[in-house]
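Novice: This is final_37.cif (mmCIF, C-alpha atoms).
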data_work
loop_
_atom_site.group_PDB
_atom_site.id
_atom_site.type_symbol
_atom_site.label_atom_id
_atom_site.label_comp_id
_atom_site.auth_asym_id
_atom_site.auth_seq_id
_atom_site.Cartn_x
_atom_site.Cartn_y
_atom_site.Cartn_z
ATOM 1 C CA MET X 346 -163.635 154.575 -70.112
ATOM 2 C CA GLU X 347 -166.261 152.615 -72.007
ATOM 3 C CA TYR X 348 -164.705 152.174 -75.409
ATOM 4 C CA ARG X 349 -165.462 149.508 -77.938
ATOM 5 C CA LEU X 350 -163.358 148.271 -80.805
ATOM 6 C CA SER X 351 -164.900 147.206 -84.085
ATOM 7 C CA THR X 352 -165.560 143.493 -84.397
ATOM 8 C CA THR X 353 -162.596 142.872 -86.715
ATOM 9 C CA ASP X 354 -160.238 144.876 -84.476
ATOM 10 C CA GLN X 355 -161.526 142.972 -81.451
ATOM 11 C CA GLY X 356 -160.891 139.716 -83.303
ATOM 12 C CA TRP X 357 -157.291 140.767 -83.944
ATOM 13 C CA CYS X 358 -156.895 141.659 -80.250
ATOM 14 C CA ASP X 359 -158.347 138.286 -79.210
ATOM 15 C CA ASP X 360 -155.812 136.518 -81.445
ATOM 16 C CA LEU X 361 -153.035 138.635 -79.936
ATOM 17 C CA LEU X 362 -154.172 137.751 -76.406
ATOM 18 C CA LEU X 363 -154.058 134.033 -77.215
ATOM 19 C CA ALA X 364 -150.664 134.379 -78.931
ATOM 20 C CA LEU X 365 -149.231 136.198 -75.898
ATOM 21 C CA ARG X 366 -150.666 133.564 -73.548
ATOM 22 C CA LEU X 367 -149.008 130.837 -75.606
ATOM 23 C CA ARG X 368 -145.695 132.682 -75.166
ATOM 24 C CA ASP X 369 -146.199 132.741 -71.370
ATOM 25 C CA VAL X 370 -146.226 136.541 -71.230
ATOM 26 C CA PRO X 371 -147.509 137.565 -67.746
ATOM 27 C CA GLY X 372 -151.188 138.593 -67.584
ATOM 28 C CA THR X 373 -150.487 142.119 -66.363
ATOM 29 C CA ARG X 374 -148.111 142.646 -69.302
ATOM 30 C CA ILE X 375 -150.719 141.296 -71.745
ATOM 31 C CA GLY X 376 -153.164 143.832 -70.304
ATOM 32 C CA GLU X 377 -150.671 146.632 -70.935
ATOM 33 C CA VAL X 378 -150.090 145.508 -74.522
ATOM 34 C CA LEU X 379 -153.821 145.215 -75.275
ATOM 35 C CA ALA X 380 -154.489 148.635 -73.755
ATOM 36 C CA GLU X 381 -151.657 150.143 -75.831
ATOM 37 C CA VAL X 382 -153.084 148.620 -78.993
ATOM 38 C CA GLN X 383 -156.608 149.890 -78.201
ATOM 39 C CA SER X 384 -155.287 153.357 -77.420
ATOM 40 C CA HIS X 385 -153.180 153.448 -80.584
ATOM 41 C CA LEU X 386 -156.019 152.261 -82.827
ATOM 42 C CA ALA X 387 -158.452 154.781 -81.338
ATOM 43 C CA GLU X 388 -155.914 157.586 -81.763
ATOM 44 C CA THR X 389 -154.884 156.806 -85.342
ATOM 45 C CA GLY X 390 -157.882 154.981 -86.766
ATOM 46 C CA GLU X 391 -155.374 152.538 -88.274
ATOM 47 C CA ASP X 392 -156.023 148.914 -89.050
ATOM 48 C CA PRO X 393 -154.360 146.701 -86.412
ATOM 49 C CA ARG X 394 -152.809 144.478 -89.088
ATOM 50 C CA GLU X 395 -151.357 147.569 -90.763
ATOM 51 C CA ALA X 396 -149.975 149.073 -87.544
ATOM 52 C CA PHE X 397 -148.843 145.947 -85.674
ATOM 53 C CA GLY X 398 -148.661 143.159 -88.264
ATOM 54 C CA GLU X 399 -149.945 139.634 -87.664
ATOM 55 C CA PRO X 400 -150.909 138.857 -84.033
ATOM 56 C CA GLY X 401 -148.352 136.045 -83.805
ATOM 57 C CA GLU X 402 -145.529 138.211 -85.144
ATOM 58 C CA TYR X 403 -146.361 141.070 -82.807
ATOM 59 C CA ALA X 404 -146.524 138.633 -79.881
ATOM 60 C CA ASP X 405 -142.999 137.510 -80.831
ATOM 61 C CA GLU X 406 -141.848 141.159 -80.757
ATOM 62 C CA VAL X 407 -143.406 141.710 -77.343
ATOM 63 C CA ALA X 408 -141.909 138.518 -75.907
ATOM 64 C CA GLU X 409 -138.511 139.467 -77.301
ATOM 65 C CA ALA X 410 -138.740 142.992 -75.834
ATOM 66 C CA LEU X 411 -139.409 141.399 -72.444
ATOM 67 C CA GLY X 412 -136.396 139.146 -72.841
ATOM 68 C CA MET X 413 -138.566 136.029 -72.782
ATOM 69 C CA PRO X 414 -137.252 132.713 -74.132
ATOM 70 C CA VAL X 415 -137.778 132.001 -77.824
ATOM 71 C CA PRO X 416 -141.340 130.730 -78.215
ATOM 72 C CA VAL X 417 -141.998 127.151 -79.246
ATOM 73 C CA THR X 418 -144.961 128.224 -81.354
ATOM 74 C CA ALA X 419 -143.329 127.861 -84.757
ATOM 75 C CA GLY X 420 -145.971 126.386 -87.029
ATOM 76 C CA GLY X 421 -148.877 128.344 -85.600
ATOM 77 C CA ILE X 422 -151.241 128.350 -82.687
ATOM 78 C CA TRP X 423 -152.508 124.785 -83.107
ATOM 79 C CA ARG X 424 -149.024 123.312 -83.186
ATOM 80 C CA GLY X 425 -148.227 125.225 -80.001
ATOM 81 C CA LEU X 426 -151.367 123.933 -78.277
ATOM 82 C CA ILE X 427 -150.763 120.345 -79.342
ATOM 83 C CA ARG X 428 -147.143 120.495 -78.203
ATOM 84 C CA SER X 429 -148.202 121.679 -74.749
ATOM 85 C CA LEU X 430 -150.346 118.506 -74.248
ATOM 86 C CA THR X 431 -148.993 115.878 -71.840
ATOM 87 C CA TRP X 432 -149.746 112.152 -71.561
ATOM 88 C CA ARG X 433 -151.665 112.942 -68.407
ATOM 89 C CA ASP X 434 -153.968 115.240 -70.377
ATOM 90 C CA LEU X 435 -154.607 112.475 -72.916
ATOM 91 C CA ALA X 436 -155.222 109.823 -70.223
ATOM 92 C CA THR X 437 -157.633 112.162 -68.461
ATOM 93 C CA ALA X 438 -159.458 112.787 -71.749
ATOM 94 C CA VAL X 439 -159.850 109.022 -72.312
ATOM 95 C CA VAL X 440 -161.137 108.349 -68.761
ATOM 96 C CA VAL X 441 -163.551 111.291 -68.862
ATOM 97 C CA GLY X 442 -164.736 110.299 -72.337
ATOM 98 C CA LEU X 443 -165.398 106.688 -71.244
ATOM 99 C CA ALA X 444 -167.144 107.793 -68.048
ATOM 100 C CA SER X 445 -169.324 110.193 -70.046
ATOM 101 C CA ALA X 446 -170.292 107.475 -72.515
ATOM 102 C CA LEU X 447 -171.093 105.054 -69.670
ATOM 103 C CA LEU X 448 -173.116 107.714 -67.843
ATOM 104 C CA ALA X 449 -175.134 108.348 -71.003
ATOM 105 C CA ASP X 450 -175.617 104.606 -71.522
ATOM 106 C CA GLY X 451 -176.587 104.094 -67.869
ATOM 107 C CA LEU X 452 -179.154 106.889 -67.978
ATOM 108 C CA TRP X 453 -180.590 105.653 -71.271
ATOM 109 C CA SER X 454 -180.922 102.148 -69.809
ATOM 110 C CA LEU X 455 -182.541 103.553 -66.659
ATOM 111 C CA GLY X 456 -185.090 105.281 -68.865
ATOM 112 C CA ALA X 457 -185.621 102.168 -70.958
ATOM 113 C CA GLY X 458 -185.728 99.899 -67.892
ATOM 114 C CA GLU X 459 -183.040 97.582 -69.273
ATOM 115 C CA THR X 460 -179.577 96.470 -68.234
ATOM 116 C CA ALA X 461 -176.725 98.787 -69.231
ATOM 117 C CA ALA X 462 -173.289 98.209 -70.774
ATOM 118 C CA PHE X 463 -171.600 94.830 -70.058
ATOM 119 C CA GLY X 464 -174.982 93.547 -68.857
ATOM 120 C CA GLN X 465 -174.629 95.471 -65.608
ATOM 121 C CA PRO X 466 -177.613 96.992 -63.763
ATOM 122 C CA ALA X 467 -178.364 100.472 -65.143
ATOM 123 C CA GLY X 468 -178.308 102.046 -61.677
ATOM 124 C CA LEU X 469 -174.857 100.647 -60.929
ATOM 125 C CA VAL X 470 -173.317 101.843 -64.222
ATOM 126 C CA THR X 471 -174.920 105.271 -63.806
ATOM 127 C CA ALA X 472 -173.689 105.609 -60.227
ATOM 128 C CA ALA X 473 -170.149 104.460 -61.031
ATOM 129 C CA ALA X 474 -169.806 106.746 -64.055
ATOM 130 C CA ALA X 475 -171.328 109.696 -62.176
ATOM 131 C CA LEU X 476 -168.830 109.107 -59.337
ATOM 132 C CA VAL X 477 -165.869 109.220 -61.733
ATOM 133 C CA LEU X 478 -167.131 112.383 -63.424
ATOM 134 C CA ALA X 479 -167.935 114.036 -60.070
ATOM 135 C CA GLY X 480 -164.402 113.256 -58.927
ATOM 136 C CA TYR X 481 -162.985 114.758 -62.092
ATOM 137 C CA VAL X 482 -165.077 117.934 -61.805
ATOM 138 C CA THR X 483 -164.092 118.335 -58.135
ATOM 139 C CA TRP X 484 -160.425 117.941 -59.047
ATOM 140 C CA LEU X 485 -160.826 120.482 -61.853
ATOM 141 C CA VAL X 486 -162.603 123.065 -59.697
ATOM 142 C CA ARG X 487 -160.168 122.655 -56.792
ATOM 143 C CA GLY X 488 -157.224 123.030 -59.142
ATOM 144 C CA ALA X 489 -158.719 126.183 -60.608
ATOM 145 C CA ARG X 490 -159.357 127.585 -57.109
ATOM 146 C CA ARG X 491 -155.882 126.729 -55.835
ATOM 147 C CA GLU X 492 -154.199 128.579 -58.664
ATOM 148 C CA PRO X 493 -155.907 131.928 -59.008
ATOM 149 C CA GLY X 494 -154.323 132.048 -62.449
ATOM 150 C CA ASP X 495 -152.725 134.966 -64.092
ATOM 151 C CA PRO X 496 -155.546 137.296 -65.110
ATOM 152 C CA VAL X 497 -155.139 139.758 -67.966
ATOM 153 C CA VAL X 498 -155.466 142.934 -65.918
ATOM 154 C CA ASP X 499 -156.498 146.179 -67.588
ATOM 155 C CA PRO X 500 -153.887 148.735 -66.414
ATOM 156 C CA ARG X 501 -156.487 151.529 -66.619
ATOM 157 C CA THR X 502 -159.263 149.993 -64.556
ATOM 158 C CA GLY X 503 -157.706 146.995 -62.812
ATOM 159 C CA GLU X 504 -160.433 144.826 -64.326
ATOM 160 C CA ASP X 505 -159.990 141.391 -65.830
ATOM 161 C CA MET X 506 -159.885 141.888 -69.614
ATOM 162 C CA ALA X 507 -160.496 138.251 -70.487
ATOM 163 C CA ARG X 508 -163.333 137.349 -68.172
ATOM 164 C CA PHE X 509 -165.190 134.113 -68.679
ATOM 165 C CA PRO X 510 -168.646 135.320 -69.711
ATOM 166 C CA ARG X 511 -171.625 134.167 -67.649
ATOM 167 C CA ALA X 512 -173.413 133.054 -70.795
ATOM 168 C CA ALA X 513 -170.511 130.729 -71.622
ATOM 169 C CA MET X 514 -170.572 129.341 -68.069
ATOM 170 C CA ALA X 515 -174.344 128.755 -68.276
ATOM 171 C CA LEU X 516 -173.918 127.030 -71.639
ATOM 172 C CA MET X 517 -171.144 124.821 -70.262
ATOM 173 C CA VAL X 518 -173.407 123.596 -67.469
ATOM 174 C CA ALA X 519 -176.683 123.503 -69.415
ATOM 175 C CA VAL X 520 -175.512 121.500 -72.439
ATOM 176 C CA PRO X 521 -174.382 118.364 -70.529
ATOM 177 C CA VAL X 522 -177.308 118.519 -68.085
ATOM 178 C CA LEU X 523 -179.835 118.779 -70.914
ATOM 179 C CA SER X 524 -178.096 116.031 -72.911
ATOM 180 C CA LEU X 525 -178.151 113.666 -69.925
ATOM 181 C CA ALA X 526 -181.806 114.434 -69.243
ATOM 182 C CA GLY X 527 -182.403 113.734 -72.936
ATOM 183 C CA MET X 528 -180.756 110.330 -72.498
ATOM 184 C CA VAL X 529 -183.226 109.296 -69.792
ATOM 185 C CA PHE X 530 -186.096 110.614 -71.876
ATOM 186 C CA GLY X 531 -184.821 108.893 -75.023
ATOM 187 C CA GLY X 532 -184.506 105.617 -73.178
ATOM 188 C CA TYR X 533 -187.989 106.037 -71.777
ATOM 189 C CA LEU X 534 -189.403 106.554 -75.273
ATOM 190 C CA THR X 535 -188.078 103.112 -76.312
ATOM 191 C CA ARG X 536 -190.274 101.453 -73.737
ATOM 192 C CA THR X 537 -193.211 99.734 -75.324
ATOM 193 C CA MET C 373 -131.023 150.909 -86.886
ATOM 194 C CA ARG C 374 -133.297 149.936 -84.032
ATOM 195 C CA GLY C 375 -130.698 151.112 -81.523
ATOM 196 C CA VAL C 376 -130.751 154.575 -83.086
ATOM 197 C CA LEU C 377 -134.545 154.589 -83.159
ATOM 198 C CA SER C 378 -134.559 153.699 -79.468
ATOM 199 C CA LEU C 379 -132.183 156.606 -78.805
ATOM 200 C CA CYS C 380 -134.436 158.975 -80.771
ATOM 201 C CA VAL C 381 -137.483 157.790 -78.805
ATOM 202 C CA LEU C 382 -135.561 158.445 -75.582
ATOM 203 C CA ARG C 383 -134.756 161.941 -76.840
ATOM 204 C CA VAL C 384 -138.434 162.663 -77.627
ATOM 205 C CA VAL C 385 -139.530 161.464 -74.188
ATOM 206 C CA ALA C 386 -136.871 163.754 -72.648
ATOM 207 C CA ASP C 387 -138.983 166.751 -73.760
ATOM 208 C CA GLY C 388 -141.623 165.838 -71.213
ATOM 209 C CA PRO C 389 -144.256 163.154 -70.627
ATOM 210 C CA THR C 390 -145.695 161.985 -73.923
ATOM 211 C CA TYR C 391 -147.611 159.041 -75.384
ATOM 212 C CA GLY C 392 -147.150 156.596 -78.270
ATOM 213 C CA TYR C 393 -148.994 158.373 -81.073
ATOM 214 C CA ALA C 394 -147.381 161.751 -80.224
ATOM 215 C CA ILE C 395 -143.928 160.131 -80.167
ATOM 216 C CA ALA C 396 -144.564 158.623 -83.615
ATOM 217 C CA GLY C 397 -145.644 162.086 -84.793
ATOM 218 C CA ARG C 398 -142.444 163.720 -83.490
ATOM 219 C CA LEU C 399 -140.297 161.065 -85.194
ATOM 220 C CA ALA C 400 -142.169 161.589 -88.477
ATOM 221 C CA ASP C 401 -141.774 165.394 -88.180
ATOM 222 C CA ALA C 402 -138.048 164.861 -87.639
ATOM 223 C CA GLY C 403 -137.930 163.128 -91.015
ATOM 224 C CA LEU C 404 -137.425 159.617 -89.637
ATOM 225 C CA GLY C 405 -140.378 158.242 -91.570
ATOM 226 C CA SER C 406 -143.552 156.739 -90.134
ATOM 227 C CA VAL C 407 -142.719 154.385 -87.306
ATOM 228 C CA LYS C 408 -145.363 151.681 -86.937
ATOM 229 C CA GLY C 409 -147.006 150.917 -83.620
ATOM 230 C CA GLY C 410 -145.625 147.388 -83.866
ATOM 231 C CA THR C 411 -142.104 148.831 -83.777
ATOM 232 C CA LEU C 412 -142.628 151.716 -81.380
ATOM 233 C CA TYR C 413 -144.331 150.025 -78.425
ATOM 234 C CA PRO C 414 -141.796 147.209 -78.039
ATOM 235 C CA ILE C 415 -139.045 149.879 -78.018
ATOM 236 C CA LEU C 416 -140.878 151.740 -75.249
ATOM 237 C CA ALA C 417 -141.408 148.471 -73.354
ATOM 238 C CA ARG C 418 -137.677 147.763 -73.549
ATOM 239 C CA LEU C 419 -136.808 151.273 -72.332
ATOM 240 C CA GLU C 420 -139.217 150.817 -69.449
ATOM 241 C CA ALA C 421 -137.818 147.367 -68.594
ATOM 242 C CA ASP C 422 -134.342 148.951 -68.511
ATOM 243 C CA GLY C 423 -135.617 151.596 -66.083
ATOM 244 C CA LEU C 424 -134.985 154.482 -68.486
ATOM 245 C CA VAL C 425 -138.630 155.562 -68.691
ATOM 246 C CA THR C 426 -141.709 155.073 -66.525
ATOM 247 C CA SER C 427 -145.304 154.957 -67.712
ATOM 248 C CA SER C 428 -148.744 155.820 -66.402
ATOM 249 C CA TRP C 429 -152.216 155.715 -67.888
ATOM 250 C CA GLU C 430 -154.293 158.864 -68.175
ATOM 251 C CA ALA C 431 -158.013 158.679 -68.880
ATOM 252 C CA GLY C 432 -159.074 160.067 -72.240
ATOM 253 C CA ASP C 433 -162.264 162.084 -72.814
ATOM 254 C CA ALA C 434 -163.999 159.514 -74.946
ATOM 255 C CA GLY C 435 -161.198 157.231 -76.064
ATOM 256 C CA PRO C 436 -159.548 154.326 -74.298
ATOM 257 C CA GLY C 437 -156.963 156.494 -72.480
ATOM 258 C CA ARG C 438 -153.321 157.293 -73.178
ATOM 259 C CA LYS C 439 -150.161 155.777 -71.763
ATOM 260 C CA PHE C 440 -147.722 158.572 -70.902
ATOM 261 C CA PHE C 441 -144.002 157.927 -70.741
ATOM 262 C CA THR C 442 -141.624 159.960 -68.560
ATOM 263 C CA LEU C 443 -137.830 159.939 -68.522
ATOM 264 C CA THR C 444 -136.196 158.697 -65.302
ATOM 265 C CA GLY C 445 -132.876 159.814 -63.808
ATOM 266 C CA ALA C 446 -131.219 156.748 -65.299
ATOM 267 C CA GLY C 447 -132.878 157.657 -68.606
ATOM 268 C CA THR C 448 -131.329 161.129 -68.530
ATOM 269 C CA SER C 449 -127.817 159.798 -68.044
ATOM 270 C CA ALA C 450 -128.346 157.017 -70.609
ATOM 271 C CA LEU C 451 -129.549 159.611 -73.113
ATOM 272 C CA GLY C 452 -126.393 161.716 -72.591
ATOM 273 C CA GLU C 453 -124.120 158.708 -72.832
ATOM 274 C CA ARG C 454 -125.737 157.163 -75.893
ATOM 275 C CA THR C 455 -125.955 160.525 -77.684
ATOM 276 C CA GLU C 456 -122.228 160.980 -77.222
ATOM 277 C CA GLN C 457 -121.548 157.449 -78.466
ATOM 278 C CA TRP C 458 -123.743 158.105 -81.483
ATOM 279 C CA HIS C 459 -121.902 161.345 -82.323
ATOM 280 C CA ALA C 460 -118.518 159.648 -81.976
ATOM 281 C CA PHE C 461 -119.693 156.791 -84.194
ATOM 282 C CA THR C 462 -121.131 159.020 -86.928
ATOM 283 C CA GLN C 463 -117.980 161.188 -86.978
ATOM 284 C CA ARG C 464 -115.761 158.152 -87.427
ATOM 285 C CA ALA C 465 -118.054 156.678 -90.038
ATOM 286 C CA ALA C 466 -118.173 160.002 -91.893
ATOM 287 C CA ALA C 467 -114.391 160.303 -91.760
ATOM 288 C CA LEU C 468 -114.010 156.822 -93.214
ATOM 289 C CA LEU C 469 -116.600 157.387 -95.928
ATOM 290 C CA SER C 470 -115.049 160.680 -97.023
ATOM 291 C CA SER C 471 -111.445 159.455 -96.896
ATOM 292 C CA PRO C 472 -109.701 159.658 -100.280
ATOM 293 C CA HIS C 473 -109.507 156.569 -102.422
ATOM 294 C CA VAL C 474 -106.119 154.901 -102.131
ATOM 295 C CA PRO C 475 -105.595 152.395 -104.949
ATOM 296 C CA ALA C 476 -104.082 149.214 -103.593
#
Rewrite the structure from the file as structure tokens, please.

Specialist:
Amino acid sequence: MEYRLSTTDQGWCDDLLLALRLRDVPGTRIGEVLAEVQSHLAETGEDPREAFGEPGEYADEVAEALGMPVPVTAGGIWRGLIRSLTWRDLATAVVVGLASALLADGLWSLGAGETAAFGQPAGLVTAAAALVLAGYVTWLVRGARREPGDPVVDPRTGEDMARFPRAAMALMVAVPVLSLAGMVFGGYLTRT
Amino acid sequence: MRGVLSLCVLRVVADGPTYGYAIAGRLADAGLGSVKGGTLYPILARLEADGLVTSSWEAGDAGPGRKFFTLTGAGTSALGERTEQWHAFTQRAAALLSSPHVPA
């Protein structure tokens, strides 16, 4: 069952997956569609764009065949994503952004042995910002656990076709941790 | 035209379990031109959603497997019904098209 598409074909399939997600097509159905495309391409050796058209257009066809409501994705993928944003998402982004900046500032000041933003003790700013971010991460993880989501299931193997790769997970954790450690170190270097 | 194509696909599947590429081949052999995957699979999905065909995946030797479609009982009766409707329609259309010109 191990079968690999060429990189360009895989790219087309990735675009199709995203387009189908944006049209709220159920994950199991997306798995079927992707498996059909893979099977068809392997059988015919055709180019996916030639056989199925643009990913967005084909996603429209699929959604229509399923009797799904007309998608609100006119204007492309980015428009669709931006339209799906709520005020709560924006407020969360602002709070998380501020907390991140304060955490960085607090850690830098700890390293430098100075007071942090607003003349507050570095330890206090660091602790407060870390608390906010920890709360946010907990909320995020609990939300993700509560809703198991709607995985794109491969009809042939029952596997998740759009798994979050471990490398991506490691990168997501490592980049902020290393940056924050860098803040302390950077602050420390300013000590004379 | 899509309605007719859907009927033709139903007719091909009636000959026994078959998969997308083979269906496209049968349609091409019948002189219906090359039907693109982007047209064919949504038609099959619609037929399946309507309960006229069922599908199952079979592992391929080296490839990514094939999705086989089989006609259901409802599919058999729908095929008979729609074929009759199609014949009635084409006869009427042909009669109209070949009717003598009557100057107004």

Novice: With all atoms listed in the file considered, list every residue of chain C at most 6 Å from chain X, as a list of chain:residue names.

Specialist: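 So the residues of chain C near chain X are C:Lys408, C:Gly409, C:Gly410, C:Pro414, C:Arg418, C:Pro436.
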
Novice: Tell me which residues the PyMOL selection byres ((chain X and resi 372) around 9) grabs here, as a list in words.

Specialist: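 Evaluating the PyMOL selection byres ((chain X and resi 372) around 9) on this file yields Leu365, Arg366, Asp369, Val370, Pro371, Thr373, Arg374, Ile375, Gly376, Glu377, Gly494, Asp495, Pro496, Val497 and Val498 of chain X.
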
Novice: Next, the residues of the selection above should be written as a JSON list (two decimals), in the frame of the given file with C-alpha atoms.

Specialist:
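Saved the output as again_29.json:
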[["chain", "number", "residue", "atom", "x", "y", "z"],
["X", 365, "LEU", "CA", -149.23, 136.20, -75.90],
["X", 366, "ARG", "CA", -150.67, 133.56, -73.55],
["X", 369, "ASP", "CA", -146.20, 132.74, -71.37],
["X", 370, "VAL", "CA", -146.23, 136.54, -71.23],
["X", 371, "PRO", "CA", -147.51, 137.56, -67.75],
["X", 373, "THR", "CA", -150.49, 142.12, -66.36],
["X", 374, "ARG", "CA", -148.11, 142.65, -69.30],
["X", 375, "ILE", "CA", -150.72, 141.30, -71.74],
["X", 376, "GLY", "CA", -153.16, 143.83, -70.30],
["X", 377, "GLU", "CA", -150.67, 146.63, -70.94],
["X", 494, "GLY", "CA", -154.32, 132.05, -62.45],
["X", 495, "ASP", "CA", -152.72, 134.97, -64.09],
["X", 496, "PRO", "CA", -155.55, 137.30, -65.11],
["X", 497, "VAL", "CA", -155.14, 139.76, -67.97],
["X", 498, "VAL", "CA", -155.47, 142.93, -65.92]]

Novice: Suppose a student applies the PyMOL selection byres ((chain C and resi 422) around 12) to this structure; what residues should they get, written as a PyMOL selection string?

Specialist: (chain X and resi 410-412) or (chain C and resi 378+382+415-421+423-426+443-447+450)

Novice: To one decimal in Å, tell me the separation between atom CA of Ala512 of chain X and atom CA of Ala364 of chain X.

Specialist: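 Value for the atom CA of Ala512 of chain X-atom CA of Ala364 of chain X distance: 24.2 Å.
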
Novice: Just so the selection is clear, what residues does the PyMOL selection byres ((chain X and resi 532) around 9) cover here, as a count of residues only?

Specialist: 16

Novice: Which one of C:Ala467, C:Val385, C:Cys380, C:Leu451 sits closest to Gly403 of chain C if you count all atoms listed in the file?

Specialist: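 Nearest candidate to Gly403 of chain C out of C:Ala467, C:Val385, C:Cys380, C:Leu451: C:Cys380.
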
Novice: Specify the axis-aligned box that encloses all atoms of segment 490-504 of chain X listed in the file after padding of 5 Å on each side, stating its centre and edge lengths in Å to one decimal as JSON.

Specialist:
{"center_x": -156.6, "center_y": 139.1, "center_z": -61.9, "size_x": 17.7, "size_y": 34.8, "size_z": 22.1}

Novice: Output as a PDB file, in the coordinates of the input: segment 423-440 of chain C, completed with N, CA and C atoms.

Specialist:
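The resulting file, part-v2.pdb, is shown below:
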ATOM      1  N   GLY C 423    -135.535 150.551 -67.108  1.00  0.00           N
ATOM      2  CA  GLY C 423    -135.617 151.596 -66.083  1.00  0.00           C
ATOM      3  C   GLY C 423    -135.287 152.992 -66.602  1.00  0.00           C
ATOM      4  N   LEU C 424    -135.324 153.173 -67.921  1.00  0.00           N
ATOM      5  CA  LEU C 424    -134.985 154.482 -68.486  1.00  0.00           C
ATOM      6  C   LEU C 424    -136.208 155.393 -68.608  1.00  0.00           C
ATOM      7  N   VAL C 425    -137.379 154.788 -68.705  1.00  0.00           N
ATOM      8  CA  VAL C 425    -138.630 155.562 -68.691  1.00  0.00           C
ATOM      9  C   VAL C 425    -139.621 154.875 -67.744  1.00  0.00           C
ATOM     10  N   THR C 426    -140.595 155.655 -67.278  1.00  0.00           N
ATOM     11  CA  THR C 426    -141.709 155.073 -66.525  1.00  0.00           C
ATOM     12  C   THR C 426    -142.980 155.419 -67.283  1.00  0.00           C
ATOM     13  N   SER C 427    -144.061 154.688 -66.987  1.00  0.00           N
ATOM     14  CA  SER C 427    -145.304 154.957 -67.712  1.00  0.00           C
ATOM     15  C   SER C 427    -146.476 155.039 -66.755  1.00  0.00           C
ATOM     16  N   SER C 428    -147.497 155.779 -67.168  1.00  0.00           N
ATOM     17  CA  SER C 428    -148.744 155.820 -66.402  1.00  0.00           C
ATOM     18  C   SER C 428    -149.892 156.112 -67.358  1.00  0.00           C
ATOM     19  N   TRP C 429    -151.042 155.541 -67.033  1.00  0.00           N
ATOM     20  CA  TRP C 429    -152.216 155.715 -67.888  1.00  0.00           C
ATOM     21  C   TRP C 429    -153.011 156.935 -67.457  1.00  0.00           C
ATOM     22  N   GLU C 430    -153.427 157.717 -68.443  1.00  0.00           N
ATOM     23  CA  GLU C 430    -154.293 158.864 -68.175  1.00  0.00           C
ATOM     24  C   GLU C 430    -155.594 158.624 -68.930  1.00  0.00           C
ATOM     25  N   ALA C 431    -156.715 158.891 -68.251  1.00  0.00           N
ATOM     26  CA  ALA C 431    -158.013 158.679 -68.880  1.00  0.00           C
ATOM     27  C   ALA C 431    -158.208 159.671 -70.019  1.00  0.00           C
ATOM     28  N   GLY C 432    -158.744 159.183 -71.127  1.00  0.00           N
ATOM     29  CA  GLY C 432    -159.074 160.067 -72.240  1.00  0.00           C
ATOM     30  C   GLY C 432    -160.507 160.560 -72.091  1.00  0.00           C
ATOM     31  N   ASP C 433    -160.899 161.552 -72.896  1.00  0.00           N
ATOM     32  CA  ASP C 433    -162.264 162.084 -72.814  1.00  0.00           C
ATOM     33  C   ASP C 433    -163.270 161.027 -73.249  1.00  0.00           C
ATOM     34  N   ALA C 434    -163.057 160.518 -74.450  1.00  0.00           N
ATOM     35  CA  ALA C 434    -163.999 159.514 -74.946  1.00  0.00           C
ATOM     36  C   ALA C 434    -163.254 158.239 -75.321  1.00  0.00           C
ATOM     37  N   GLY C 435    -161.984 158.365 -75.583  1.00  0.00           N
ATOM     38  CA  GLY C 435    -161.198 157.231 -76.064  1.00  0.00           C
ATOM     39  C   GLY C 435    -160.776 156.308 -74.943  1.00  0.00           C
ATOM     40  N   PRO C 436    -159.955 155.326 -75.280  1.00  0.00           N
ATOM     41  CA  PRO C 436    -159.548 154.326 -74.298  1.00  0.00           C
ATOM     42  C   PRO C 436    -158.344 154.745 -73.444  1.00  0.00           C
ATOM     43  N   GLY C 437    -158.062 156.048 -73.336  1.00  0.00           N
ATOM     44  CA  GLY C 437    -156.963 156.494 -72.480  1.00  0.00           C
ATOM     45  C   GLY C 437    -155.629 156.517 -73.208  1.00  0.00           C
ATOM     46  N   ARG C 438    -154.653 157.200 -72.587  1.00  0.00           N
ATOM     47  CA  ARG C 438    -153.321 157.293 -73.178  1.00  0.00           C
ATOM     48  C   ARG C 438    -152.284 156.874 -72.148  1.00  0.00           C
ATOM     49  N   LYS C 439    -151.243 156.200 -72.643  1.00  0.00           N
ATOM     50  CA  LYS C 439    -150.161 155.777 -71.763  1.00  0.00           C
ATOM     51  C   LYS C 439    -149.030 156.793 -71.920  1.00  0.00           C
ATOM     52  N   PHE C 440    -148.759 157.543 -70.858  1.00  0.00           N
ATOM     53  CA  PHE C 440    -147.722 158.572 -70.902  1.00  0.00           C
ATOM     54  C   PHE C 440    -146.396 158.027 -70.390  1.00  0.00           C
TER      55      PHE C 440
END
